[in-house]
$ cat final03.cif   # mmCIF, C-alpha atoms
data_structure
#
loop_
_atom_site.label_atom_id
_atom_site.label_comp_id
_atom_site.auth_asym_id
_atom_site.auth_seq_id
_atom_site.Cartn_x
_atom_site.Cartn_y
_atom_site.Cartn_z
CA MET A 1 31.17 18.10 -16.09
CA ALA A 2 32.06 20.01 -19.25
CA GLN A 3 31.80 16.84 -21.38
CA GLY A 4 28.33 16.08 -20.03
CA ILE A 5 27.16 19.65 -20.56
CA THR A 6 28.57 19.65 -24.12
CA ILE A 7 26.56 16.56 -24.97
CA LEU A 8 23.45 17.99 -23.32
CA ARG A 9 23.84 21.39 -24.96
CA ARG A 10 23.35 19.75 -28.36
CA HIS A 11 19.75 19.54 -27.34
CA ARG A 12 18.16 22.85 -26.34
CA ASP A 13 15.57 21.19 -24.07
CA TRP A 14 18.20 19.56 -21.86
CA SER A 15 19.90 22.82 -20.93
CA SER A 16 16.47 24.48 -20.50
CA PHE A 17 15.47 21.65 -18.17
CA LEU A 18 18.51 22.00 -15.92
CA GLY A 19 18.06 25.79 -15.94
CA VAL A 20 14.41 25.54 -14.89
CA ALA A 21 15.25 22.95 -12.20
CA VAL A 22 17.93 25.15 -10.62
CA GLY A 23 15.74 28.27 -11.04
CA LEU A 24 12.86 26.51 -9.32
CA LEU A 25 15.10 25.55 -6.40
CA VAL A 26 16.18 29.19 -5.97
CA ILE A 27 12.60 30.51 -6.33
CA SER A 28 11.28 28.15 -3.65
CA ILE A 29 14.02 29.19 -1.22
CA VAL A 30 13.36 32.91 -1.87
CA ALA A 31 9.56 32.44 -1.74
CA GLY A 32 9.85 30.87 1.72
CA LEU A 33 11.57 33.93 3.18
CA PRO A 34 9.42 35.73 5.79
CA ALA A 35 9.80 39.03 3.91
CA VAL A 36 8.08 37.45 0.86
CA THR A 37 5.42 35.42 2.67
CA ARG A 38 4.29 38.56 4.53
CA VAL A 39 3.58 40.39 1.26
CA VAL A 40 2.42 37.65 -1.21
CA SER A 41 -0.54 35.33 -0.59
CA PRO A 42 0.60 31.80 0.48
CA ALA A 43 -1.84 30.14 -1.94
CA LEU A 44 -0.40 32.20 -4.80
CA LEU A 45 3.17 31.22 -3.84
CA ILE A 46 2.35 27.49 -3.77
CA ALA A 47 0.40 27.77 -7.04
CA GLY A 48 3.43 29.51 -8.59
CA VAL A 49 5.85 26.77 -7.53
CA LEU A 50 3.48 24.04 -8.75
CA ALA A 51 3.06 25.84 -12.10
CA ALA A 52 6.83 26.04 -12.47
CA GLY A 53 6.92 22.28 -11.69
CA GLY A 54 4.42 21.81 -14.54
CA ILE A 55 6.76 23.68 -16.90
CA LEU A 56 9.56 21.37 -15.76
CA GLY A 57 7.34 18.35 -16.56
CA ALA A 58 6.46 19.73 -20.01
CA LEU A 59 10.16 20.23 -20.75
CA PHE A 60 10.84 16.63 -19.77
CA VAL A 61 8.14 15.39 -22.14
CA SER A 62 9.56 17.39 -25.07
CA MET A 63 13.06 16.21 -24.14
CA LEU A 64 11.94 12.57 -24.20
CA LYS A 65 10.39 12.99 -27.63
CA ASP A 66 13.38 14.61 -29.27
CA SER A 67 16.48 13.11 -27.62
CA ASP A 68 18.69 10.87 -29.75
CA GLU A 69 19.91 7.39 -28.83
CA LEU A 70 23.14 8.49 -27.10
CA GLU A 71 21.47 11.27 -25.10
CA ARG A 72 18.74 8.88 -24.02
CA ARG A 73 21.26 6.29 -22.89
CA ILE A 74 23.30 8.79 -20.87
CA ALA A 75 20.20 10.42 -19.34
CA SER A 76 18.70 7.02 -18.54
CA GLU A 77 21.77 5.94 -16.56
CA ALA A 78 22.07 9.38 -14.89
CA LEU A 79 18.40 9.27 -13.86
CA ALA A 80 18.86 5.76 -12.47
CA LEU A 81 21.85 6.95 -10.43
CA SER A 82 19.93 10.01 -9.20
CA PHE A 83 16.99 7.77 -8.25
CA VAL A 84 18.97 5.26 -6.20
CA VAL A 85 21.22 7.87 -4.56
CA THR A 86 18.18 9.93 -3.47
CA ILE A 87 16.23 6.88 -2.31
CA ALA A 88 19.19 5.58 -0.29
CA ALA A 89 19.90 9.05 1.15
CA MET A 90 16.27 9.60 2.19
CA PHE A 91 16.13 6.16 3.77
CA ALA A 92 19.48 6.57 5.54
CA TYR A 93 18.90 10.07 6.89
CA PRO A 94 16.63 9.04 9.82
CA PHE A 95 19.63 6.95 11.05
CA LEU A 96 21.81 10.05 10.97
CA GLU A 97 19.17 12.09 12.81
CA GLY A 98 19.78 9.64 15.67
CA LEU A 99 23.40 10.81 15.72
CA GLY A 100 22.26 14.40 16.15
CA PHE A 101 21.96 15.56 12.55
CA PRO A 102 19.28 18.26 12.05
CA PRO A 103 15.91 17.32 10.44
CA LEU A 104 16.04 17.39 6.65
CA ARG A 105 14.50 20.32 4.72
CA PRO A 106 12.53 19.39 1.57
CA GLN A 107 14.83 21.63 -0.53
CA THR A 108 17.64 19.21 0.31
CA VAL A 109 15.69 16.42 -1.45
CA ALA A 110 15.49 18.57 -4.60
CA PHE A 111 19.17 19.44 -4.29
CA VAL A 112 20.21 15.76 -3.93
CA LEU A 113 18.07 14.83 -6.97
CA VAL A 114 19.54 17.53 -9.23
CA SER A 115 23.15 17.25 -8.07
CA SER A 116 23.25 13.42 -8.34
CA PHE A 117 21.67 13.70 -11.82
CA ALA A 118 24.40 16.19 -12.84
CA VAL A 119 27.12 13.88 -11.44
CA GLY A 120 25.55 10.96 -13.35
CA ILE A 121 25.53 12.94 -16.62
CA GLU A 122 29.22 13.72 -16.18
CA ARG A 123 30.12 10.16 -15.17
CA PHE A 124 28.21 8.39 -17.97
CA ALA A 125 28.96 10.93 -20.73
CA ARG A 126 32.66 10.24 -20.13
CA ARG A 127 32.09 6.57 -20.99
CA TYR A 128 30.79 7.44 -24.47
CA ARG A 129 33.51 10.00 -25.24
CA MET B 1 30.12 -29.20 -28.02
CA ASN B 2 26.73 -28.77 -26.37
CA ALA B 3 28.35 -27.93 -23.07
CA ASP B 4 30.37 -25.14 -24.77
CA VAL B 5 27.24 -23.62 -26.32
CA THR B 6 25.46 -23.66 -22.94
CA ALA B 7 28.45 -22.04 -21.25
CA GLU B 8 28.49 -19.17 -23.78
CA ARG B 9 24.77 -18.46 -23.56
CA PRO B 10 24.06 -15.16 -21.69
CA PRO B 11 22.27 -15.59 -18.34
CA LYS B 12 18.47 -15.42 -18.43
CA LYS B 13 17.19 -12.10 -17.13
CA ARG B 14 15.00 -12.36 -14.05
CA PHE B 15 13.64 -8.81 -14.11
CA GLU B 16 12.18 -7.18 -17.18
CA PHE B 17 10.29 -3.96 -17.89
CA THR B 18 8.10 -5.59 -20.51
CA ALA B 19 5.40 -3.94 -22.59
CA CYS B 20 2.90 -5.38 -20.13
CA GLY B 21 4.62 -3.78 -17.15
CA PRO B 22 7.49 -4.88 -14.91
CA SER B 23 7.88 -8.65 -14.83
CA VAL B 24 9.72 -10.33 -11.97
CA LYS B 25 10.97 -13.91 -11.92
CA LEU B 26 12.69 -15.12 -8.78
CA SER B 27 14.20 -18.59 -8.67
CA ARG B 28 13.75 -20.69 -5.56
CA GLU B 29 17.48 -20.45 -4.94
CA ALA B 30 17.34 -16.63 -5.11
CA ILE B 31 14.39 -16.48 -2.68
CA GLU B 32 16.34 -18.63 -0.22
CA GLU B 33 19.41 -16.42 -0.55
CA ILE B 34 17.38 -13.21 -0.08
CA ALA B 35 15.75 -14.70 3.03
CA LEU B 36 19.14 -15.74 4.45
CA VAL B 37 20.68 -12.30 3.84
CA TYR B 38 17.68 -10.67 5.53
CA ALA B 39 17.84 -13.16 8.43
CA SER B 40 21.59 -12.45 8.86
CA ALA B 41 20.92 -8.69 8.99
CA ILE B 42 18.11 -9.09 11.53
CA ALA B 43 20.23 -11.48 13.65
CA LEU B 44 23.11 -8.99 13.55
CA ARG B 45 20.85 -6.19 14.71
CA VAL B 46 19.37 -8.29 17.54
CA ALA B 47 22.86 -9.41 18.63
CA ALA B 48 24.08 -5.80 18.61
CA LYS B 49 21.07 -4.71 20.68
CA ALA B 50 21.63 -7.54 23.21
CA TRP B 51 25.36 -6.77 23.37
CA SER B 52 24.77 -3.05 23.98
CA GLN B 53 22.28 -3.74 26.79
CA LEU B 54 24.72 -6.13 28.50
CA GLU B 55 27.59 -3.72 27.91
CA THR B 56 25.80 -0.73 29.47
CA SER B 57 24.80 -2.84 32.49
CA GLY B 58 28.47 -3.93 32.89
CA ARG B 59 27.77 -7.67 32.81
CA LEU B 60 30.11 -8.58 29.95
CA THR B 61 33.38 -10.45 30.35
CA LEU B 62 36.17 -10.75 27.76
CA THR B 63 34.86 -14.20 26.71
CA HIS B 64 31.37 -12.77 26.12
CA ASN B 65 32.81 -9.94 24.05
CA LEU B 66 34.83 -12.41 21.95
CA LEU B 67 31.74 -14.59 21.42
CA PHE B 68 29.65 -11.60 20.29
CA ALA B 69 32.47 -10.43 17.97
CA ALA B 70 32.78 -13.92 16.42
CA GLY B 71 29.01 -14.07 15.96
CA GLY B 72 28.99 -10.65 14.27
CA VAL B 73 31.82 -11.61 11.90
CA LEU B 74 30.06 -14.89 11.08
CA LEU B 75 26.75 -13.13 10.25
CA ILE B 76 28.46 -10.51 8.07
CA SER B 77 30.44 -13.26 6.28
CA LEU B 78 27.23 -15.23 5.66
CA ALA B 79 25.51 -12.22 4.10
CA ALA B 80 28.63 -11.48 2.00
CA PHE B 81 28.75 -15.12 0.85
CA PHE B 82 25.13 -15.07 -0.39
CA PHE B 83 25.58 -11.70 -2.07
CA ARG B 84 28.67 -13.08 -3.84
CA ARG B 85 26.75 -16.13 -5.08
CA MET B 86 23.95 -13.99 -6.56
CA ILE B 87 26.43 -11.56 -8.13
CA ARG B 88 28.39 -14.43 -9.73
CA ARG B 89 25.16 -15.61 -11.38
CA ARG B 90 24.55 -12.00 -12.54
CA ASP B 91 21.14 -12.27 -10.87
CA TYR B 92 20.83 -8.53 -10.17
CA TRP B 93 17.17 -8.34 -9.18
CA PRO B 94 17.63 -10.62 -6.10
CA VAL B 95 20.85 -8.72 -5.25
CA PHE B 96 18.84 -5.47 -5.32
CA LEU B 97 16.07 -6.99 -3.18
CA ALA B 98 18.50 -8.52 -0.68
CA GLY B 99 20.41 -5.21 -0.40
CA ALA B 100 17.20 -3.24 0.11
CA LEU B 101 15.90 -5.73 2.72
CA ALA B 102 19.22 -5.84 4.61
CA PHE B 103 19.18 -2.04 4.61
CA ALA B 104 15.57 -1.98 5.84
CA ALA B 105 16.46 -4.50 8.58
CA PHE B 106 18.42 -1.73 10.29
CA PHE B 107 15.58 0.78 10.12
CA ARG B 108 14.51 1.84 13.58
CA PHE B 109 11.21 3.29 14.66
CA ASP B 110 12.46 4.69 17.98
CA LYS B 111 14.69 7.74 18.41
CA ALA B 112 17.74 6.06 19.99
CA PRO B 113 20.33 4.26 17.78
CA THR B 114 20.80 0.47 18.23
CA ALA B 115 23.91 0.50 20.44
CA VAL B 116 23.50 3.95 21.97
CA GLY B 117 26.28 5.01 24.36
CA THR B 118 28.71 2.23 23.30
CA VAL B 119 31.74 2.12 21.00
CA LEU B 120 29.58 0.46 18.32
CA GLU B 121 27.03 3.30 18.15
CA LYS B 122 28.50 5.08 15.12
CA PRO B 123 29.71 1.96 13.19
CA LEU B 124 26.22 0.45 13.51
CA VAL B 125 24.61 3.64 12.21
CA LEU B 126 26.92 3.59 9.19
CA LEU B 127 26.76 -0.20 8.56
CA PRO B 128 23.42 -0.09 6.58
CA ILE B 129 25.20 2.04 3.95
CA LEU B 130 26.97 -1.14 2.74
CA PRO B 131 23.80 -3.05 1.66
CA ALA B 132 22.40 0.24 0.29
CA ALA B 133 25.52 0.60 -1.88
CA ILE B 134 25.13 -3.01 -3.12
CA ALA B 135 21.44 -2.37 -3.95
CA THR B 136 22.41 0.82 -5.82
CA TRP B 137 25.02 -1.03 -7.87
CA ALA B 138 22.57 -3.87 -8.65
CA PHE B 139 19.90 -1.39 -9.78
CA LEU B 140 22.36 0.32 -12.14
CA SER B 141 23.45 -3.08 -13.49
CA MET B 142 19.81 -4.00 -14.19
CA ILE B 143 19.32 -0.75 -16.11
CA ARG B 144 22.52 -1.39 -18.09
CA GLU B 145 21.35 -4.88 -19.08
CA ALA B 146 17.88 -3.75 -20.17
CA ASP B 147 16.94 -3.94 -23.85
CA GLU B 148 15.79 -0.90 -25.85
CA LEU B 149 12.08 -1.09 -24.95
CA GLU B 150 12.73 -1.79 -21.26
CA ARG B 151 15.23 1.04 -21.15
CA ARG B 152 12.76 3.43 -22.76
CA ILE B 153 9.95 2.51 -20.34
CA ASN B 154 12.22 2.83 -17.33
CA TYR B 155 13.73 6.07 -18.60
CA GLN B 156 10.29 7.65 -18.89
CA ALA B 157 9.20 6.29 -15.50
CA LEU B 158 12.35 7.63 -13.82
CA SER B 159 11.83 11.01 -15.52
CA PHE B 160 8.26 11.07 -14.22
CA ALA B 161 9.43 10.21 -10.67
CA PHE B 162 12.16 12.85 -10.88
CA VAL B 163 9.76 15.66 -11.87
CA VAL B 164 7.04 14.64 -9.39
CA THR B 165 9.46 14.39 -6.43
CA PHE B 166 11.33 17.55 -7.38
CA SER B 167 8.14 19.64 -7.71
CA ALA B 168 6.53 18.11 -4.60
CA SER B 169 9.62 18.72 -2.43
CA LEU B 170 9.82 22.37 -3.50
CA ALA B 171 6.08 22.94 -3.01
CA TYR B 172 6.23 21.32 0.43
CA ALA B 173 9.31 23.35 1.38
CA LEU B 174 7.24 26.44 0.76
CA ALA B 175 4.21 25.02 2.59
CA GLU B 176 6.52 24.19 5.53
CA ASP B 177 7.64 27.81 5.71
CA LEU B 178 3.97 28.76 5.80
CA GLY B 179 3.27 26.58 8.84
CA LEU B 180 2.83 22.94 7.77
CA PRO B 181 4.64 20.40 10.00
CA ARG B 182 8.13 19.15 9.09
CA ILE B 183 8.00 15.57 7.77
CA SER B 184 10.60 12.81 8.01
CA SER B 185 12.89 12.20 5.02
CA PHE B 186 11.38 8.67 4.94
CA TRP B 187 8.24 10.19 3.31
CA TRP B 188 10.34 11.58 0.45
CA TRP B 189 11.70 8.07 -0.12
CA LEU B 190 8.08 6.91 -0.38
CA VAL B 191 7.11 9.72 -2.83
CA LEU B 192 10.02 8.80 -5.10
CA ALA B 193 9.33 5.05 -5.02
CA VAL B 194 5.55 5.42 -5.55
CA SER B 195 5.92 7.92 -8.42
CA TRP B 196 8.43 5.56 -10.10
CA GLY B 197 5.93 2.69 -9.76
CA VAL B 198 3.14 4.87 -11.18
CA GLY B 199 5.44 5.94 -14.04
CA LEU B 200 6.28 2.30 -14.85
CA THR B 201 2.57 1.44 -14.99
CA ILE B 202 1.69 4.43 -17.19
CA TYR B 203 4.54 4.07 -19.69
CA SER B 204 4.50 0.27 -19.97
CA ARG B 205 0.79 0.52 -20.92
CA LYS B 206 1.74 2.96 -23.65
CA TYR B 207 3.79 0.28 -25.46
CA ARG B 208 1.24 -2.51 -25.05
#
$ encode --input "final03.cif" --output "structure tokens"
Amino acid sequence: MAQGITILRRHRDWSSFLGVAVGLLVISIVAGLPAVTRVVSPALLIAGVLAAGGILGALFVSMLKDSDELERRIASEALALSFVVTIAAMFAYPFLEGLGFPPLRPQTVAFVLVSSFAVGIERFARRYR
Amino acid sequence: MNADVTAERPPKKRFEFTACGPSVKLSREAIEEIALVYASAIALRVAAKAWSQLETSGRLTLTHNLLFAAGGVLLISLAAFFFRRMIRRRDYWPVFLAGALAFAAFFRFDKAPTAVGTVLEKPLVLLPILPAAIATWAFLSMIREADELERRINYQALSFAFVVTFSASLAYALAEDLGLPRISSFWWWLVLAVSWGVGLTIYSRKYR
């Protein structure tokens, strides 16, 4: 993991992106707590999460513009891994529900996306060491 | 001499993210192989369903069990044989399609698993992971073989799909806490696939 993070840290936007992604995951879990939804307007909460998603998108755009060849190659392969792992997991989960697994929460989708991306960064950064 | 040159030539790519969008070329041979892999998966599922119904009603003898087992092994071997042929040609796009279709062949629309209440219940639930793993590997191989422009288009499309799915899943998680119904994970698969397709269309147009 350290190797992947070292390569990513060379570019400020990459570490900002991962930070915002994890922060957004935490915010959405906290915002869904009954104690919060009782006090803050639901529309405001959803608007807040969507706005944070917009910031995440803007970071991605700036990252795409500025990343060098090696970073792009590593991120491209990590994104491809994250994509196929998430797609396969989401397709396979209904099978597991038949075995008695609980229904999937949407936060799990976000968690699978981010964690498989992080694993991909580590895996593919090692190749270019 | 000519034969040597032909042997050294890299295989022609069948799937490209060109500047005019994704371009797919499937040979007749590949289409036949995909169809046969899919047919093997469907036949395996039907055989498993028939076996489980006979098993639960107690009408199976040892000979019947052996026949079903031989049939199952034969169908799995057939699918493996066609996968191997496509992989040897480095024809990754058909491998991806065949893996995805074989995986989809096991998708069920009812609640109960295929061989519910039998010894094969859990193995049959886990079996679709094999074609999914092959499809995953083929997809990564396609990305690795892409040229600079294709890689750039796909990279941007995947980034787009990542952000859209990530934001949508978090927003819906919140909406779910506020009373919206819980949706199947299958819908998240669809969001990811559709946003990737939209991303490919948007970014391939950019380089036209």
$ closest_atom_pairs --input "final03.cif" --of "chain A" --to "chain B" --cutoff "6 Å" --atoms "only C-alpha atoms" --output "Markdown table"
| residue | atom | partner | partner_atom | distance |
| --- | --- | --- | --- | --- |
| A:Ser28 | CA | B:Leu170 | CA | 6.0 |
| A:Gly32 | CA | B:Leu174 | CA | 5.2 |
| A:Ile46 | CA | B:Ala171 | CA | 5.9 |
| A:Val49 | CA | B:Ala171 | CA | 5.9 |
| A:Gly53 | CA | B:Ser167 | CA | 4.9 |
| A:Gly57 | CA | B:Val163 | CA | 5.9 |
| A:Ser76 | CA | B:Tyr155 | CA | 5.1 |
| A:Val84 | CA | B:Thr136 | CA | 5.6 |
| A:Ile87 | CA | B:Trp189 | CA | 5.2 |
| A:Met90 | CA | B:Ser185 | CA | 5.1 |
| A:Phe91 | CA | B:Phe186 | CA | 5.5 |
| A:Gly98 | CA | B:Pro113 | CA | 5.8 |
| A:Pro106 | CA | B:Ser169 | CA | 5.0 |
| A:Gln107 | CA | B:Leu170 | CA | 5.9 |
| A:Ala110 | CA | B:Phe166 | CA | 5.1 |
$ resolve_selection --input "final03.cif" --expression "the PyMOL selection byres ((chain B and resi 40-57) around 9)" --output "ChimeraX atom specification"
/B:35-39,58-60,64-65,68,71-72,75-76,78-79,101-103,105-106,114-118,120-121,124
$ atom_distance --input "final03.cif" --atom1 "atom CA of Ser67 of chain A" --atom2 "atom CA of Leu25 of chain A"
24.6 Å
$ resolve_selection --input "final03.cif" --expression "the PyMOL selection byres ((chain A and resi 72) around 12)" --output "JSON, numbers by chain"
{"A": [7, 8, 11, 14, 60, 63, 64, 65, 66, 67, 68, 69, 70, 71, 73, 74, 75, 76, 77, 78, 79, 80, 121, 124, 125], "B": [148, 151, 152, 153, 154, 155, 156, 159]}
$ atom_distance --input "final03.cif" --atom1 "atom CA of Phe82 of chain B" --atom2 "atom CA of Ile34 of chain B"
8.0 Å
$ closest_residue --input "final03.cif" --among "A:Ile55, A:Leu104, A:Val112, A:Val40" --to "Ala88 of chain A" --atoms "all atoms listed in the file"
A:Val112
$ atom_distance --input "final03.cif" --atom1 "atom CA of Ala118 of chain A" --atom2 "atom CA of Glu145 of chain B"
22.2 Å
$ resolve_selection --input "final03.cif" --expression "the PyMOL selection byres ((chain B and resi 85-92) around 8)" --output "list in words"
Pro11, Lys13, Arg14, Ala30, Glu33, Phe81, Phe82, Phe83, Arg84, Trp93, Pro94, Val95, Phe96, Ala138, Phe139, Ser141 and Met142 of chain B
$ decode --input "final03.cif" --residues "segment 37-51 of chain A" --atoms "N, CA and C atoms" --output "short mmCIF file (atom, residue, chain, number, x, y, z; two decimals), in the first residue's frame"
data_model
loop_
_atom_site.label_atom_id
_atom_site.label_comp_id
_atom_site.auth_asym_id
_atom_site.auth_seq_id
_atom_site.Cartn_x
_atom_site.Cartn_y
_atom_site.Cartn_z
N THR A 37 -31.00 12.95 11.26
CA THR A 37 -32.16 13.16 10.36
C THR A 37 -33.34 13.82 11.08
N ARG A 38 -33.36 13.70 12.41
CA ARG A 38 -34.44 14.35 13.19
C ARG A 38 -34.23 15.87 13.22
N VAL A 39 -32.98 16.29 13.19
CA VAL A 39 -32.65 17.72 13.37
C VAL A 39 -32.51 18.45 12.03
N VAL A 40 -31.79 17.81 11.05
CA VAL A 40 -31.51 18.48 9.77
C VAL A 40 -32.53 18.04 8.72
N SER A 41 -32.89 18.97 7.84
CA SER A 41 -33.88 18.67 6.79
C SER A 41 -33.34 17.59 5.84
N PRO A 42 -34.15 16.58 5.48
CA PRO A 42 -33.70 15.50 4.59
C PRO A 42 -33.20 16.03 3.24
N ALA A 43 -33.92 17.02 2.70
CA ALA A 43 -33.52 17.57 1.39
C ALA A 43 -32.12 18.19 1.47
N LEU A 44 -31.87 18.84 2.59
CA LEU A 44 -30.57 19.50 2.79
C LEU A 44 -29.45 18.46 2.89
N LEU A 45 -29.76 17.35 3.58
CA LEU A 45 -28.77 16.27 3.73
C LEU A 45 -28.40 15.67 2.37
N ILE A 46 -29.43 15.37 1.58
CA ILE A 46 -29.19 14.77 0.25
C ILE A 46 -28.44 15.76 -0.65
N ALA A 47 -28.86 17.04 -0.58
CA ALA A 47 -28.17 18.07 -1.39
C ALA A 47 -26.69 18.16 -0.98
N GLY A 48 -26.43 18.04 0.32
CA GLY A 48 -25.05 18.10 0.83
C GLY A 48 -24.20 16.97 0.29
N VAL A 49 -24.76 15.74 0.32
CA VAL A 49 -24.02 14.57 -0.17
C VAL A 49 -23.77 14.69 -1.68
N LEU A 50 -24.79 15.16 -2.41
CA LEU A 50 -24.62 15.31 -3.87
C LEU A 50 -23.58 16.39 -4.19
N ALA A 51 -23.57 17.47 -3.38
CA ALA A 51 -22.58 18.53 -3.60
C ALA A 51 -21.17 17.99 -3.35
#
